[in-house]
$ cat work-v8.cif   # mmCIF, C-alpha atoms
data_input
loop_
_atom_site.label_atom_id
_atom_site.label_comp_id
_atom_site.auth_asym_id
_atom_site.auth_seq_id
_atom_site.Cartn_x
_atom_site.Cartn_y
_atom_site.Cartn_z
CA MET A 1 -95.98 -53.49 115.92
CA THR A 2 -94.71 -51.75 112.86
CA LEU A 3 -91.89 -50.22 114.84
CA THR A 4 -90.83 -53.63 116.16
CA ARG A 5 -90.67 -55.03 112.58
CA LEU A 6 -88.49 -52.15 111.36
CA SER A 7 -86.20 -52.52 114.32
CA ARG A 8 -85.85 -56.26 113.70
CA GLN A 9 -84.74 -55.76 110.01
CA LYS A 10 -80.96 -55.86 109.43
CA PRO A 11 -79.32 -52.80 107.95
CA PRO A 12 -78.16 -53.24 104.30
CA SER A 13 -74.61 -54.47 104.06
CA LEU A 14 -71.80 -52.48 102.43
CA PHE A 15 -71.31 -55.12 99.72
CA ILE A 16 -74.88 -54.83 98.53
CA THR A 17 -74.64 -51.03 98.39
CA VAL A 18 -71.48 -51.05 96.27
CA ARG A 19 -72.92 -53.69 93.93
CA PHE A 20 -76.06 -51.65 93.49
CA LEU A 21 -74.12 -48.49 92.62
CA THR A 22 -71.73 -50.14 90.16
CA ARG A 23 -74.58 -51.89 88.39
CA HIS A 24 -76.47 -48.65 87.92
CA LEU A 25 -73.33 -46.74 86.84
CA SER A 26 -72.27 -49.44 84.39
CA THR A 27 -75.63 -49.43 82.68
CA SER A 28 -75.96 -45.66 82.60
CA LYS A 29 -76.81 -44.03 79.32
CA LEU A 30 -73.87 -41.64 79.55
CA ARG A 31 -71.34 -44.45 79.75
CA ASP A 32 -72.93 -46.30 76.84
CA HIS A 33 -72.93 -43.13 74.74
CA TYR A 34 -69.37 -42.04 75.48
CA SER A 35 -67.74 -45.46 75.84
CA PHE A 36 -64.33 -45.59 74.07
CA GLN A 37 -62.29 -48.61 73.06
CA PRO A 38 -58.67 -47.64 72.19
CA PRO A 39 -57.38 -48.87 68.81
CA PRO A 40 -54.51 -51.38 68.75
CA SER A 41 -52.00 -48.68 67.84
CA LEU A 42 -52.77 -46.76 71.04
CA SER A 43 -53.01 -49.78 73.28
CA LEU A 44 -50.42 -50.03 76.04
CA ASP A 45 -50.35 -53.81 75.90
CA PRO A 46 -47.97 -54.86 73.09
CA GLN A 47 -49.47 -58.38 72.99
CA LYS A 48 -52.92 -57.09 72.14
CA SER A 49 -51.67 -54.93 69.27
CA LYS A 50 -51.64 -56.75 65.96
CA SER A 51 -48.28 -57.38 64.38
CA ASN A 52 -47.50 -55.37 61.22
CA PRO A 53 -47.57 -57.72 58.19
CA ASN A 54 -45.09 -55.45 56.30
CA SER A 55 -42.53 -55.38 59.07
CA HIS A 56 -39.93 -57.00 56.80
CA LYS A 57 -40.17 -54.07 54.32
CA ARG A 58 -37.69 -51.26 54.60
CA GLN A 59 -39.19 -48.34 56.47
CA LYS A 60 -39.27 -44.96 54.71
CA PRO A 61 -36.99 -42.46 56.48
CA LYS A 62 -38.62 -39.52 58.14
CA TYR A 63 -38.62 -36.20 56.33
CA ARG A 64 -35.71 -34.02 57.29
CA PRO A 65 -35.64 -30.41 56.09
CA PRO A 66 -32.54 -29.45 54.10
CA SER A 67 -29.80 -27.65 55.90
CA SER A 68 -26.80 -25.64 54.77
CA LEU A 69 -24.67 -27.79 57.06
CA ASP A 70 -25.31 -30.91 54.99
CA GLN A 71 -22.44 -32.08 52.83
CA ILE A 72 -23.64 -31.97 49.19
CA LYS A 73 -21.83 -34.19 46.73
CA PRO A 74 -21.05 -32.32 43.50
CA ILE A 75 -22.69 -33.61 40.33
CA GLN A 76 -20.24 -35.03 37.81
CA SER A 77 -21.21 -34.60 34.16
CA ASP A 78 -19.22 -35.99 31.22
CA LEU A 79 -20.86 -33.79 28.58
CA PRO A 80 -18.11 -32.57 26.22
CA PHE A 81 -19.01 -28.89 26.04
CA ASP A 82 -19.01 -25.79 28.24
CA PHE A 83 -22.16 -25.15 30.27
CA ARG A 84 -23.76 -21.78 29.46
CA PHE A 85 -27.11 -20.26 30.27
CA SER A 86 -27.93 -19.81 26.56
CA TYR A 87 -26.09 -21.59 23.76
CA THR A 88 -27.64 -19.62 20.88
CA GLU A 89 -27.55 -16.09 22.38
CA SER A 90 -23.93 -16.19 23.57
CA SER A 91 -20.74 -16.75 21.64
CA PRO A 92 -17.48 -18.14 23.04
CA THR A 93 -15.51 -15.96 20.61
CA VAL A 94 -16.79 -12.68 22.12
CA ARG A 95 -15.15 -12.00 25.46
CA PRO A 96 -16.86 -9.69 28.00
CA ILE A 97 -15.10 -6.68 29.50
CA GLY A 98 -16.60 -7.09 32.96
CA LEU A 99 -19.07 -8.89 35.23
CA ARG A 100 -22.21 -7.50 36.87
CA GLU A 101 -22.09 -9.84 39.86
CA PRO A 102 -19.56 -12.02 41.72
CA LYS A 103 -18.78 -15.43 40.29
CA TYR A 104 -21.65 -17.24 42.02
CA SER A 105 -22.38 -20.53 40.27
CA PRO A 106 -26.05 -20.68 39.08
CA PHE A 107 -25.95 -24.44 39.71
CA GLY A 108 -25.73 -23.81 43.45
CA PRO A 109 -22.77 -23.78 45.83
CA GLY A 110 -20.83 -27.03 45.65
CA ARG A 111 -23.35 -28.77 43.36
CA LEU A 112 -21.17 -29.04 40.25
CA ASP A 113 -17.66 -30.33 39.73
CA ARG A 114 -16.90 -27.48 37.29
CA GLU A 115 -15.79 -23.98 38.15
CA TRP A 116 -18.06 -21.08 37.14
CA THR A 117 -16.08 -18.31 35.41
CA GLY A 118 -18.91 -15.75 35.40
CA VAL A 119 -19.87 -16.62 31.80
CA CYS A 120 -19.74 -20.41 31.58
CA ALA A 121 -18.66 -23.60 33.35
CA PRO A 122 -15.89 -24.90 31.06
CA ALA A 123 -15.40 -28.60 30.50
CA VAL A 124 -11.62 -28.03 30.74
CA ASP A 125 -10.30 -26.62 34.00
CA PRO A 126 -9.33 -22.97 33.27
CA LYS A 127 -6.49 -23.20 35.80
CA VAL A 128 -4.88 -26.06 33.90
CA LYS A 129 -5.39 -24.84 30.35
CA SER A 130 -6.65 -21.55 28.95
CA LEU A 131 -8.71 -21.66 25.76
CA GLU A 132 -9.24 -18.27 24.15
CA GLY A 133 -11.54 -17.85 21.15
CA THR A 134 -11.84 -21.55 20.26
CA GLU A 135 -12.62 -24.55 22.38
CA ASP A 136 -10.58 -27.69 22.82
CA PRO A 137 -10.51 -29.71 19.54
CA ASN A 138 -10.62 -32.92 21.57
CA LEU A 139 -14.08 -31.97 22.85
CA GLU A 140 -15.36 -31.38 19.32
CA ALA A 141 -14.07 -34.79 18.20
CA LYS A 142 -15.66 -36.40 21.25
CA ARG A 143 -19.03 -34.80 20.44
CA LYS A 144 -18.94 -36.06 16.85
CA LEU A 145 -18.04 -39.56 17.99
CA LEU A 146 -20.80 -39.61 20.62
CA ARG A 147 -23.41 -38.24 18.20
CA GLY A 148 -22.52 -40.81 15.53
CA ARG A 149 -22.79 -43.61 18.08
CA ILE A 150 -26.25 -42.50 19.21
CA GLN A 151 -27.66 -41.79 15.73
CA GLY A 152 -26.65 -45.11 14.18
CA THR A 153 -27.77 -45.76 10.62
CA PRO A 154 -29.68 -42.89 8.92
CA LEU A 155 -33.45 -42.93 8.69
CA THR A 156 -35.14 -44.06 5.52
CA GLU A 157 -37.59 -41.78 3.74
CA ALA A 158 -40.57 -43.83 4.99
CA GLU A 159 -39.34 -43.69 8.60
CA ARG A 160 -38.76 -39.95 8.41
CA LYS A 161 -42.25 -39.30 7.00
CA PHE A 162 -43.79 -41.50 9.71
CA LEU A 163 -42.03 -39.57 12.51
CA VAL A 164 -42.90 -36.19 10.96
CA GLU A 165 -46.57 -37.16 10.65
CA LYS A 166 -46.58 -38.43 14.23
CA CYS A 167 -45.31 -35.07 15.55
CA GLN A 168 -47.89 -32.90 13.80
CA ARG A 169 -50.03 -30.60 15.90
CA ASN A 170 -53.28 -32.40 15.14
CA ARG A 171 -51.86 -35.72 16.41
CA ASN A 172 -49.50 -34.73 19.22
CA LYS A 173 -49.78 -31.88 21.72
CA ARG A 174 -46.28 -32.27 23.15
CA GLN A 175 -44.11 -29.29 22.29
CA ILE A 176 -41.09 -27.36 23.58
CA ASN A 177 -41.12 -23.57 23.16
CA LEU A 178 -37.85 -21.80 22.39
CA GLY A 179 -38.20 -18.09 23.16
CA ARG A 180 -36.18 -14.94 23.64
CA ASP A 181 -33.44 -16.64 25.68
CA GLY A 182 -32.80 -19.18 22.91
CA LEU A 183 -31.59 -22.69 23.65
CA THR A 184 -31.02 -22.59 27.41
CA HIS A 185 -29.13 -25.15 29.46
CA ASN A 186 -32.21 -26.42 31.32
CA MET A 187 -33.98 -26.93 27.98
CA LEU A 188 -31.59 -29.82 27.27
CA ASN A 189 -33.12 -31.68 30.20
CA ASP A 190 -36.63 -31.00 28.87
CA ILE A 191 -35.71 -32.45 25.48
CA HIS A 192 -34.41 -35.66 27.04
CA ASN A 193 -37.57 -35.92 29.17
CA HIS A 194 -39.67 -35.76 25.98
CA TRP A 195 -37.48 -38.36 24.31
CA LYS A 196 -38.38 -40.78 27.09
CA PHE A 197 -41.91 -41.12 25.66
CA ALA A 198 -41.40 -40.38 21.96
CA GLU A 199 -38.68 -40.79 19.35
CA ALA A 200 -39.01 -37.21 18.10
CA VAL A 201 -40.04 -33.91 19.69
CA ARG A 202 -41.51 -30.76 18.16
CA ILE A 203 -39.75 -27.47 19.00
CA LYS A 204 -41.42 -24.10 18.32
CA CYS A 205 -38.94 -21.22 17.88
CA LEU A 206 -40.09 -17.60 18.22
CA GLY A 207 -38.48 -14.27 19.02
CA VAL A 208 -34.89 -13.05 18.71
CA PRO A 209 -33.19 -16.46 18.06
CA THR A 210 -35.15 -16.95 14.81
CA VAL A 211 -33.03 -14.27 13.08
CA ASP A 212 -30.32 -16.93 12.75
CA MET A 213 -32.13 -20.26 12.41
CA LYS A 214 -28.98 -21.92 11.08
CA ASN A 215 -27.30 -21.32 14.44
CA VAL A 216 -30.36 -22.65 16.32
CA CYS A 217 -30.36 -25.89 14.32
CA THR A 218 -26.60 -26.31 14.70
CA GLN A 219 -26.66 -25.80 18.47
CA LEU A 220 -29.62 -28.15 18.93
CA GLU A 221 -27.89 -30.99 17.10
CA ASP A 222 -24.53 -30.28 18.75
CA LYS A 223 -25.75 -30.12 22.36
CA THR A 224 -28.45 -32.82 22.32
CA PHE A 225 -26.71 -35.25 19.89
CA GLY A 226 -30.02 -35.47 18.01
CA LYS A 227 -30.91 -34.86 14.36
CA ILE A 228 -33.37 -32.40 12.82
CA ILE A 229 -35.52 -34.26 10.31
CA GLN A 230 -37.84 -31.38 9.30
CA ARG A 231 -38.04 -27.60 9.57
CA HIS A 232 -41.04 -25.51 8.61
CA GLY A 233 -40.59 -21.84 9.50
CA GLY A 234 -39.77 -21.79 13.20
CA THR A 235 -41.06 -25.31 13.87
CA LEU A 236 -38.40 -28.02 14.16
CA ILE A 237 -38.71 -31.78 14.64
CA LEU A 238 -35.73 -33.22 16.51
CA TYR A 239 -35.09 -36.97 16.29
CA ARG A 240 -33.33 -38.66 19.23
CA GLY A 241 -31.41 -41.33 17.28
CA ARG A 242 -31.73 -45.01 16.48
CA ASN A 243 -29.46 -46.18 19.33
CA TYR A 244 -30.74 -43.77 21.97
CA ASN A 245 -31.27 -45.30 25.42
CA HIS A 246 -33.06 -43.17 28.01
CA LYS A 247 -31.59 -45.14 30.90
CA LYS A 248 -28.11 -44.11 29.73
CA ARG A 249 -28.98 -40.47 29.09
CA PRO A 250 -26.27 -37.94 29.99
CA VAL A 251 -26.26 -36.28 33.40
CA ILE A 252 -27.45 -32.67 32.97
CA PRO A 253 -27.19 -30.55 36.14
CA LEU A 254 -29.91 -27.90 36.33
CA MET A 255 -29.37 -24.18 36.80
CA LEU A 256 -31.21 -22.88 39.85
CA TRP A 257 -31.40 -19.26 38.66
CA LYS A 258 -30.58 -17.11 35.65
CA PRO A 259 -27.13 -15.54 35.93
CA GLN A 260 -26.61 -11.87 35.17
CA GLU A 261 -25.35 -11.12 31.68
CA PRO A 262 -21.75 -9.85 31.64
CA VAL A 263 -20.74 -6.44 30.29
CA TYR A 264 -19.83 -6.46 26.60
CA PRO A 265 -18.30 -3.66 24.49
CA ARG A 266 -20.67 -0.99 23.21
CA LEU A 267 -22.46 -1.73 19.95
CA ILE A 268 -22.95 1.94 19.01
CA LYS A 269 -19.80 4.00 19.06
CA THR A 270 -19.59 7.78 19.28
CA THR A 271 -18.36 8.03 15.71
CA ILE A 272 -18.69 5.53 12.90
CA ASP A 273 -15.40 4.28 11.51
CA GLY A 274 -14.32 6.42 8.57
CA LEU A 275 -16.70 9.32 9.39
CA SER A 276 -16.38 12.46 11.43
CA ILE A 277 -18.62 13.45 14.33
CA GLU A 278 -20.74 15.79 12.17
CA GLU A 279 -21.15 13.18 9.45
CA THR A 280 -22.17 10.58 12.06
CA LYS A 281 -24.85 12.90 13.52
CA GLU A 282 -26.16 13.69 10.05
CA MET A 283 -26.36 10.01 9.14
CA ARG A 284 -28.32 9.22 12.31
CA LYS A 285 -30.85 11.94 11.50
CA ARG A 286 -31.25 10.67 7.92
CA GLY A 287 -31.54 7.07 9.18
CA LEU A 288 -34.46 7.90 11.48
CA ALA A 289 -36.21 9.73 8.61
CA VAL A 290 -35.89 6.82 6.15
CA PRO A 291 -39.14 4.84 5.61
CA ALA A 292 -39.19 1.67 7.68
CA LEU A 293 -38.33 -1.51 5.83
CA THR A 294 -40.62 -3.56 8.09
CA LYS A 295 -42.26 -3.44 11.50
CA LEU A 296 -41.39 -6.46 13.60
CA ALA A 297 -44.09 -8.11 15.69
CA LYS A 298 -43.20 -8.98 19.25
CA ASN A 299 -42.29 -12.65 19.73
CA GLY A 300 -42.65 -13.31 16.01
CA TYR A 301 -40.66 -15.24 13.44
CA TYR A 302 -37.79 -13.23 11.91
CA GLY A 303 -36.17 -15.84 9.66
CA SER A 304 -36.54 -13.66 6.53
CA LEU A 305 -35.14 -10.46 8.06
CA VAL A 306 -31.52 -10.91 6.90
CA PRO A 307 -32.42 -11.50 3.20
CA MET A 308 -34.75 -8.47 3.34
CA VAL A 309 -31.96 -6.20 4.62
CA ARG A 310 -29.55 -7.52 1.99
CA ASP A 311 -32.04 -6.82 -0.79
CA ALA A 312 -32.74 -3.32 0.60
CA PHE A 313 -29.03 -2.45 0.56
CA VAL A 314 -29.04 -2.86 -3.23
CA VAL A 315 -31.13 0.33 -3.63
CA SER A 316 -30.50 2.20 -0.35
CA GLU A 317 -27.48 2.71 1.87
CA LEU A 318 -29.56 3.15 5.07
CA VAL A 319 -32.20 0.74 6.35
CA ARG A 320 -34.55 1.31 9.28
CA ILE A 321 -36.42 -1.47 11.11
CA ASP A 322 -39.29 -0.51 13.39
CA CYS A 323 -39.17 -2.35 16.76
CA THR A 324 -41.84 -0.43 18.67
CA GLY A 325 -42.91 -2.26 21.83
CA PHE A 326 -39.76 -4.40 22.10
CA GLU A 327 -37.53 -4.69 25.12
CA ARG A 328 -34.32 -2.73 24.65
CA SER A 329 -32.21 -5.85 25.08
CA ASP A 330 -34.22 -7.65 22.39
CA TYR A 331 -33.72 -5.19 19.55
CA LYS A 332 -30.08 -4.77 20.55
CA LYS A 333 -29.59 -8.51 20.07
CA ILE A 334 -31.36 -8.32 16.70
CA GLY A 335 -29.04 -5.49 15.64
CA CYS A 336 -25.99 -7.46 16.75
CA LYS A 337 -27.10 -10.47 14.69
CA LEU A 338 -27.73 -8.27 11.63
CA ARG A 339 -24.25 -6.76 11.98
CA ASP A 340 -22.66 -10.23 11.78
CA LEU A 341 -24.96 -11.89 9.24
CA VAL A 342 -25.66 -9.19 6.63
CA PRO A 343 -22.93 -7.71 7.33
CA CYS A 344 -23.53 -4.03 8.05
CA ILE A 345 -22.69 -1.17 10.42
CA LEU A 346 -25.00 -0.22 13.29
CA VAL A 347 -25.93 3.48 13.31
CA THR A 348 -28.42 3.97 16.17
CA PHE A 349 -31.03 2.33 18.41
CA GLU A 350 -32.90 5.55 19.26
CA LYS A 351 -36.72 5.65 19.47
CA GLU A 352 -36.95 1.83 19.41
CA GLN A 353 -35.58 1.75 15.85
CA ILE A 354 -32.71 -0.23 14.33
CA VAL A 355 -30.82 1.83 11.75
CA VAL A 356 -28.03 0.10 9.83
CA TRP A 357 -25.64 1.37 7.17
CA ARG A 358 -24.21 -0.77 4.41
CA GLY A 359 -20.80 0.93 4.50
CA GLN A 360 -18.73 2.80 1.94
CA ASP A 361 -17.47 -0.16 -0.10
CA TYR A 362 -20.46 -2.50 0.11
CA LYS A 363 -20.43 -5.75 -1.85
CA PRO A 364 -23.32 -8.23 -1.62
CA PRO A 365 -22.12 -11.52 -0.10
CA GLU A 366 -21.79 -14.31 -2.61
CA ASP A 367 -22.39 -17.18 -0.20
CA GLY A 368 -25.93 -16.22 0.77
CA HIS A 369 -26.74 -19.70 2.17
CA PHE A 370 -29.85 -19.53 4.35
CA PHE A 371 -32.46 -22.11 5.11
CA THR A 372 -35.57 -21.97 2.99
CA ASP A 373 -38.94 -21.50 4.62
CA ARG A 374 -39.57 -25.24 4.49
CA GLU A 375 -36.79 -27.83 4.45
CA PHE A 376 -36.62 -31.58 4.81
CA PHE A 377 -33.51 -33.40 5.97
CA HIS A 378 -33.75 -36.83 4.37
CA ASP A 379 -30.65 -37.12 2.18
CA PRO A 380 -27.79 -38.55 4.30
CA GLY A 381 -25.12 -37.15 2.00
CA CYS A 382 -26.49 -33.61 2.10
CA ASP A 383 -26.95 -33.83 5.84
CA MET A 384 -23.31 -34.79 6.39
CA GLU A 385 -22.16 -31.88 4.22
CA ARG A 386 -24.39 -29.47 6.13
CA SER A 387 -23.11 -30.69 9.49
CA ASP A 388 -19.49 -30.34 8.33
CA GLU A 389 -20.15 -26.72 7.31
#
$ encode --input "work-v8.cif" --output "C-alpha cells"
Amino acid sequence: MTLTRLSRQKPPSLFITVRFLTRHLSTSKLRDHYSFQPPPSLSLDPQKSKSNPNSHKRQKPKYRPPSSLDQIKPIQSDLPFDFRFSYTESSPTVRPIGLREPKYSPFGPGRLDREWTGVCAPAVDPKVKSLEGTEDPNLEAKRKLLRGRIQGTPLTEAERKFLVEKCQRNRNKRQINLGRDGLTHNMLNDIHNHWKFAEAVRIKCLGVPTVDMKNVCTQLEDKTFGKIIQRHGGTLILYRGRNYNHKKRPVIPLMLWKPQEPVYPRLIKTTIDGLSIEETKEMRKRGLAVPALTKLAKNGYYGSLVPMVRDAFVVSELVRIDCTGFERSDYKKIGCKLRDLVPCILVTFEKEQIVVWRGQDYKPPEDGHFFTDREFFHDPGCDMERSDE
C-alpha cells in the first residue's frame, strides 16, 4: 500500500525546483555578507547617476608634466638696471679677464628677454650699444623718477618711530638675512613678498658685505626703490614707500642657479709696485710677524674694520688681520674691499692672514665719511644729500 501511494505521487516540477534553489541562494549568508551596490560614479546607467551640481564651473585641467618641447614665453621685465647675481659683491667698473663656464643664462633657457653676457643681463642690448665702465644715464634717471613716485611725501618723525617700533625683534619675527653673497637678485623678490604684509621689513646683514655698509644701503635703496629709515649695526629697516602698491609690483624673474664667478685679475702680484723682488719677500715675512690688529669672527659684523686699519696706519706701515677659519674667497673679498676703502696695498693672503701695506707716500684720507654704529634717517634734507652722494 505504501508503494502504491509513492507511485501515485507526481514528480516535482522543474519550476518548483528552480524556485526553491533561487530562494535559498538569495537568502544565503554569503550573499548578504558580500553583497555590493555600485556607487553612482561606477554605474553603467547614466540616468541613475546623479547629475553634478557644479557642472557649470570650469573644470581644472589635468596635470601635465613639463617638457623641453614646450614653448616657453620669455619674461619681460621693465626694471631699469642690469640683472646680476650679487649687486653688492660685484662692480660694473671692474671687467673680468675670462669666464669659467659658457654663457648659460641662470634664469633658464629662453625664460628672459635679456641676453646673459656671462656676468650680467644688461637692460640695454649689448649688440645695439656697448656701455663700458658706466651704465646708461637714462636708466639712472628712470630709477630716480620711479623711486620718487613710489616714496611720495617723506615720513614724519612720529610715523618713522612707529614703523621702527613695529619692526623690533620683540614684536615682529619677520626678517631677511643678508649673508656672504650680499644683496642677491632673488632677494629682491623676497623683499617685495614681505612688503605685501608689512610697510617695512627688517634686514640683518652679516659677513663680508658689512665691511662696506654704505654700499649695502645704497644698493638696497637703488634696486628696491625703498628707503632705509633706521640702521643699528648690521640691522636695517627698509620702508616700502607711501605710494607702494603690491598689485603693481615690478616683475622680477628668478635665477634658477648660482652662476660661476668670472676670472678677475690677480690681487697679489709677484712684486709690489715700487719694490724689488727681494724687498717684496722681506716685506711679506715682516707682515706675517707683525702682531694681529684683530681676529675676525666668521659671519660677524665688520663695519668698524676700515676705521681700525686707518688708525693703525698712523703708527705702523704694515697691518695684519687674522682670518683663521674663513673661506679663501671670503678673506680675499675683505682684502679687496680694504684696498679700495682705506686705501692700501695688499701684500699677502698666506696662512689665512690679510697683510696690507700703507704705501710709501701715505696720507690719511680727509673725507672719512662712514656710517656711525647707530643712525636714524628722519631728516628729509639730509637724506636727499646722502642719496645724491
$ atom_distance --input "work-v8.cif" --atom1 "CA of Phe326 in chain A" --atom2 "CA of Tyr264 in chain A"
20.5 Å
$ closest_residue --input "work-v8.cif" --among "A:Arg84, A:Lys227, A:Arg310, A:His194" --to "Cys344 in chain A" --atoms "all atoms listed in the file"
A:Arg310
$ closest_residue --input "work-v8.cif" --among "A:Lys281, A:Arg266, A:His246, A:Arg180" --to "Lys298 in chain A" --atoms "only C-alpha atoms"
A:Arg180
$ resolve_selection --input "work-v8.cif" --expression "the PyMOL selection byres ((chain A and resi 225) around 9)" --output "compact mmCIF listing (two decimals) with C-alpha atoms, in the frame of the given file"
# COMPACT_ATOMS: atom_id res chain seq x y z
CA ARG A 143 -19.03 -34.80 20.44
CA LYS A 144 -18.94 -36.06 16.85
CA LEU A 146 -20.80 -39.61 20.62
CA ARG A 147 -23.41 -38.24 18.20
CA GLY A 148 -22.52 -40.81 15.53
CA ILE A 150 -26.25 -42.50 19.21
CA GLN A 151 -27.66 -41.79 15.73
CA LEU A 220 -29.62 -28.15 18.93
CA GLU A 221 -27.89 -30.99 17.10
CA ASP A 222 -24.53 -30.28 18.75
CA LYS A 223 -25.75 -30.12 22.36
CA THR A 224 -28.45 -32.82 22.32
CA GLY A 226 -30.02 -35.47 18.01
CA LYS A 227 -30.91 -34.86 14.36
CA ARG A 240 -33.33 -38.66 19.23
CA GLY A 241 -31.41 -41.33 17.28
$ resolve_selection --input "work-v8.cif" --expression "the PyMOL selection byres ((chain A and resi 205-213) around 6)" --output "VMD selection string"
chain A and resid 178 to 180 182 204 214 to 216 234 299 to 303
$ resolve_selection --input "work-v8.cif" --expression "the PyMOL selection byres ((chain A and resi 171-175) around 9)" --output "JSON, numbers by chain"
{"A": [165, 166, 167, 168, 169, 170, 176, 177, 194, 201, 202, 203, 204]}
$ residues_around --input "work-v8.cif" --residues "Gln76 in chain A" --least-positions-apart "5" --cutoff "12 Å" --atoms "all atoms listed in the file" --output "PyMOL selection string"
chain A and resi 110-115+123+250-253
$ write_last_selection --input "work-v8.cif" --atoms "C-alpha atoms" --output "PDB file, keeping the file's coordinate frame"
ATOM      1  CA  GLY A 110     -20.830 -27.030  45.650  1.00  0.00           C
ATOM      2  CA  ARG A 111     -23.350 -28.770  43.360  1.00  0.00           C
ATOM      3  CA  LEU A 112     -21.170 -29.040  40.250  1.00  0.00           C
ATOM      4  CA  ASP A 113     -17.660 -30.330  39.730  1.00  0.00           C
ATOM      5  CA  ARG A 114     -16.900 -27.480  37.290  1.00  0.00           C
ATOM      6  CA  GLU A 115     -15.790 -23.980  38.150  1.00  0.00           C
ATOM      7  CA  ALA A 123     -15.400 -28.600  30.500  1.00  0.00           C
ATOM      8  CA  PRO A 250     -26.270 -37.940  29.990  1.00  0.00           C
ATOM      9  CA  VAL A 251     -26.260 -36.280  33.400  1.00  0.00           C
ATOM     10  CA  ILE A 252     -27.450 -32.670  32.970  1.00  0.00           C
ATOM     11  CA  PRO A 253     -27.190 -30.550  36.140  1.00  0.00           C
TER      12      PRO A 253
END
$ atom_distance --input "work-v8.cif" --atom1 "CA of Thr184 in chain A" --atom2 "CA of Asp82 in chain A"
12.5 Å
$ atom_distance --input "work-v8.cif" --atom1 "CA of Thr117 in chain A" --atom2 "CA of Ser105 in chain A"
8.3 Å
$ closest_residue --input "work-v8.cif" --among "A:Pro291, A:Gly325, A:Pro122, A:Pro96" --to "Asp78 in chain A" --atoms "all atoms listed in the file"
A:Pro122
$ closest_residue --input "work-v8.cif" --among "A:Lys196, A:Gly359, A:His185, A:Pro80" --to "Trp257 in chain A" --atoms "all atoms listed in the file"
A:His185
